[in-house]
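Below is one structure, written out as structure tokens; comments come after it.
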Amino acid sequence: MSSVLPASSAIAAEPLPAQQRSRGYWASVWLRLRRDPVAVGAAVVVLLLIALAIFGPWLAPSDPYQSSMLKRLKPIGTEGLPLGSDELGRDMLSRLIVGARLSLFIGITPVLCAFVLGTVIGIVAGYAGGLTNTLVMRTIDVFYAFPSVLLAIALSGTLGAGVVNSLISLTIVFIPQIARVAESVTTQVRTRDYVEAARASGAGAFTIVRVHVLGNVLGPIFVYATSLIAVSMILASGLSFLGLGVKPPEPEWGLMLNTLRTAIYVQPWVAALPGVMIFVTSISFNLLSDGLRSAMDNKGG
């Protein structure tokens, strides 16, 4: 017995390998995200697009607003116009670079605003339950009677064209979707044992929501909101394409598609460039959202 005890105590005293040490939740999420090559690639593309949005005016090789009828609809590869020119002879490369700022702004801002407002509405409805939950969620369900595209067009048509009105319209479209997810997650969390224990200890509703609920519901809501950025980009571009969003001569990808639609038979590759940018941006945010969802799944180990 005396020979066994020192051996077992030595084993107990032996430090665990680094791989077996418990990591924090977000450290584990970051580790799993780094191991996903698709998500990493999408994140790199998103960061490049954000860099274009921030530094676009300084990176553009020429003035995106300067027109020249002598240079209109030049093909890709023209000297001095590497991506050709639009219907007014403006440099497509410069307009695509500078347009990243406005396109990302009207694509991301409505989701951020809807994330804040929808999360508050959903958490209040989910935690309160009862009549409050019924009134809020039945009101939210009314918006699901309309497809997102038709609702955005109807709201923008009512408010009028412009960037601000587009932001308001898209925010209203996304609030019910995020609120519904927030309510569903909060309803599950508020019945957990630690929430019941906090309630039994005399903690107030605000304290319980701030300490015990927010930390458990913000992750799923954030991942869902990230997936809506791709939808927001497409809807915002669609509104601009229909003349309900950004007004000329601003370089915005959806508006550029609209103005170049008559040139599709003359310079199809040049006319398709704004659509390519919208597609790349949307698919990058979608893939990044999928990677975040997989990384935040605790079942994945």
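Scheme for the structure tokens: letters A, B, ... for chains in order shown; per-chain residue numbers from 1; ligand numbers from 1 in order shown.
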Considering only C-alpha atoms, return as a PyMOL selection string whatever protein or nucleic-acid residues lie within 7 Å of Ala182 (chain A), sequence-local ones (same chain, fewer than 5 positions apart) excluded. chain A and resi 119+122-123+217+221
Skip region 234-243 of chain A itself and residues of its chain fewer than 5 positions away, then list as a VMD selection string all residues within 10 Å of it, counting only C-alpha atoms. chain A and resid 103 to 108 110 148 to 150 152 to 153 156 to 157 160 to 163 166 to 167 169 to 170 228 to 229 248 252 to 259 261 274 to 275 278 to 279 281 to 282
Residues within 7 Å of Ser94 (chain A), only C-alpha atoms, excluding chain neighbours under 2 positions, as a ChimeraX atom specification: /A:60-64,91-92,96-98
Keeping only all heavy atoms, write the selected residues as a PDB file, in the first residue's frame.
ATOM      1  N   ALA A  60      -8.695  54.333 -55.081  1.00  0.00           N
ATOM      2  CA  ALA A  60      -9.234  54.447 -56.441  1.00  0.00           C
ATOM      3  C   ALA A  60      -8.217  55.121 -57.363  1.00  0.00           C
ATOM      4  O   ALA A  60      -7.662  56.175 -57.019  1.00  0.00           O
ATOM      5  CB  ALA A  60     -10.533  55.239 -56.432  1.00  0.00           C
ATOM      6  N   PRO A  61      -7.937  54.536 -58.530  1.00  0.00           N
ATOM      7  CA  PRO A  61      -6.921  55.117 -59.421  1.00  0.00           C
ATOM      8  C   PRO A  61      -7.356  56.417 -60.077  1.00  0.00           C
ATOM      9  O   PRO A  61      -6.510  57.176 -60.560  1.00  0.00           O
ATOM     10  CB  PRO A  61      -6.704  54.016 -60.472  1.00  0.00           C
ATOM     11  CG  PRO A  61      -7.970  53.220 -60.451  1.00  0.00           C
ATOM     12  CD  PRO A  61      -8.473  53.265 -59.036  1.00  0.00           C
ATOM     13  N   SER A  62      -8.658  56.702 -60.137  1.00  0.00           N
ATOM     14  CA  SER A  62      -9.128  57.941 -60.766  1.00  0.00           C
ATOM     15  C   SER A  62     -10.410  58.400 -60.098  1.00  0.00           C
ATOM     16  O   SER A  62     -10.947  57.722 -59.210  1.00  0.00           O
ATOM     17  CB  SER A  62      -9.348  57.734 -62.270  1.00  0.00           C
ATOM     18  OG  SER A  62     -10.335  56.737 -62.494  1.00  0.00           O
ATOM     19  N   ASP A  63     -10.907  59.539 -60.546  1.00  0.00           N
ATOM     20  CA  ASP A  63     -12.139  60.092 -59.996  1.00  0.00           C
ATOM     21  C   ASP A  63     -13.338  59.254 -60.459  1.00  0.00           C
ATOM     22  O   ASP A  63     -13.593  59.153 -61.660  1.00  0.00           O
ATOM     23  CB  ASP A  63     -12.297  61.541 -60.463  1.00  0.00           C
ATOM     24  CG  ASP A  63     -13.507  62.225 -59.821  1.00  0.00           C
ATOM     25  OD1 ASP A  63     -14.214  61.573 -59.026  1.00  0.00           O
ATOM     26  OD2 ASP A  63     -13.731  63.413 -60.113  1.00  0.00           O
ATOM     27  N   PRO A  64     -14.094  58.640 -59.529  1.00  0.00           N
ATOM     28  CA  PRO A  64     -15.212  57.785 -59.943  1.00  0.00           C
ATOM     29  C   PRO A  64     -16.391  58.570 -60.520  1.00  0.00           C
ATOM     30  O   PRO A  64     -17.314  57.956 -61.078  1.00  0.00           O
ATOM     31  CB  PRO A  64     -15.607  57.069 -58.648  1.00  0.00           C
ATOM     32  CG  PRO A  64     -15.180  57.997 -57.566  1.00  0.00           C
ATOM     33  CD  PRO A  64     -13.933  58.659 -58.060  1.00  0.00           C
ATOM     34  N   ASP A  91     -14.576  55.415 -64.916  1.00  0.00           N
ATOM     35  CA  ASP A  91     -13.724  54.255 -64.654  1.00  0.00           C
ATOM     36  C   ASP A  91     -14.459  53.256 -63.759  1.00  0.00           C
ATOM     37  O   ASP A  91     -14.823  53.566 -62.621  1.00  0.00           O
ATOM     38  CB  ASP A  91     -12.427  54.718 -63.993  1.00  0.00           C
ATOM     39  CG  ASP A  91     -11.474  53.564 -63.731  1.00  0.00           C
ATOM     40  OD1 ASP A  91     -11.637  52.498 -64.354  1.00  0.00           O
ATOM     41  OD2 ASP A  91     -10.557  53.733 -62.908  1.00  0.00           O
ATOM     42  N   MET A  92     -14.666  52.043 -64.258  1.00  0.00           N
ATOM     43  CA  MET A  92     -15.396  51.032 -63.503  1.00  0.00           C
ATOM     44  C   MET A  92     -14.637  50.582 -62.269  1.00  0.00           C
ATOM     45  O   MET A  92     -15.230  50.339 -61.206  1.00  0.00           O
ATOM     46  CB  MET A  92     -15.700  49.832 -64.400  1.00  0.00           C
ATOM     47  CG  MET A  92     -16.876  50.038 -65.341  1.00  0.00           C
ATOM     48  SD  MET A  92     -18.453  50.205 -64.469  1.00  0.00           S
ATOM     49  CE  MET A  92     -18.617  48.584 -63.738  1.00  0.00           C
ATOM     50  N   LEU A  96     -16.227  50.757 -58.599  1.00  0.00           N
ATOM     51  CA  LEU A  96     -16.430  49.548 -57.797  1.00  0.00           C
ATOM     52  C   LEU A  96     -15.736  49.670 -56.442  1.00  0.00           C
ATOM     53  O   LEU A  96     -16.286  49.247 -55.416  1.00  0.00           O
ATOM     54  CB  LEU A  96     -15.903  48.330 -58.555  1.00  0.00           C
ATOM     55  CG  LEU A  96     -16.708  47.883 -59.777  1.00  0.00           C
ATOM     56  CD1 LEU A  96     -15.971  46.782 -60.519  1.00  0.00           C
ATOM     57  CD2 LEU A  96     -18.107  47.417 -59.377  1.00  0.00           C
ATOM     58  N   ILE A  97     -14.540  50.240 -56.437  1.00  0.00           N
ATOM     59  CA  ILE A  97     -13.799  50.391 -55.180  1.00  0.00           C
ATOM     60  C   ILE A  97     -14.493  51.377 -54.256  1.00  0.00           C
ATOM     61  O   ILE A  97     -14.742  51.096 -53.076  1.00  0.00           O
ATOM     62  CB  ILE A  97     -12.346  50.832 -55.463  1.00  0.00           C
ATOM     63  CG1 ILE A  97     -11.573  49.707 -56.156  1.00  0.00           C
ATOM     64  CG2 ILE A  97     -11.644  51.233 -54.171  1.00  0.00           C
ATOM     65  CD1 ILE A  97     -10.168  50.089 -56.576  1.00  0.00           C
ATOM     66  N   VAL A  98     -14.836  52.540 -54.779  1.00  0.00           N
ATOM     67  CA  VAL A  98     -15.489  53.561 -53.953  1.00  0.00           C
ATOM     68  C   VAL A  98     -16.903  53.115 -53.577  1.00  0.00           C
ATOM     69  O   VAL A  98     -17.391  53.413 -52.481  1.00  0.00           O
ATOM     70  CB  VAL A  98     -15.506  54.909 -54.697  1.00  0.00           C
ATOM     71  CG1 VAL A  98     -16.272  55.958 -53.906  1.00  0.00           C
ATOM     72  CG2 VAL A  98     -14.089  55.388 -54.966  1.00  0.00           C
TER      73      VAL A  98
END
Which residues come within 10 Å of Val280 (chain A), counting only C-alpha atoms, excluding same-chain residues fewer than 5 positions away, as a list of chain:residue names? A:Ala42, A:Val45, A:Val46, A:Leu49, A:Ala230, A:Pro274, A:Gly275, A:Phe285, A:Asn286
Kindly export the residues of the current selection with C-alpha atoms, as a tab-separated table (two decimals), in the first residue's frame.
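After the write, selection-v5.tsv holds the following:
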chain	number	residue	atom	x	y	z
A	42	ALA	CA	-14.64	34.08	-46.32
A	45	VAL	CA	-12.65	38.38	-48.29
A	46	VAL	CA	-14.90	40.25	-45.85
A	49	LEU	CA	-14.08	44.42	-48.60
A	230	ALA	CA	-26.07	38.71	-47.24
A	274	PRO	CA	-21.32	45.12	-60.04
A	275	GLY	CA	-23.33	41.91	-59.89
A	285	PHE	CA	-20.96	36.72	-45.42
A	286	ASN	CA	-23.03	33.54	-45.82
Just the residues within 9 Å of Val209 (chain A), please, counting only C-alpha atoms, with nothing from its chain fewer than 3 positions along; format it as a VMD selection string. chain A and resid 123 127 190 195 204 to 206 212 to 215
If DSSP is run on the backbone, what residues of region 20-258 of chain A are alpha helix (DSSP H)? A reply as a ChimeraX atom specification would be ideal. /A:25-34,37-59,92-128,130-143,148-159,163-189,193-200,205-208,214-241,253-258
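Note that the spacing between CA of Thr139 (chain A) and CA of Thr171 (chain A) amounts to 16.2 Å.
Nearest residue to Ser232 (chain A), choosing from A:Ile172, A:Tyr25, A:Gly129, A:Gly77 and counting only C-alpha atoms: A:Ile172.
Proximity to Val116 (chain A) was assessed for A:Ile178, A:Ile264, A:Leu244, A:Leu33 counting only C-alpha atoms; the smallest distance is recorded for A:Ile178.
The environment of Tyr224 (chain A) within 10 Å, counting only C-alpha atoms and disregarding residues fewer than 4 places along the same chain, consists of Phe115, Gln177, Ile178, Val181, Ala182, Leu218, Gly219, Pro220, Leu228, Ile229, Ser289, Asp290, Leu292 and Arg293 of chain A.
Picture a line from CA of Leu155 (chain A) to CA of Ala225 (chain A); it runs 20.9 Å.
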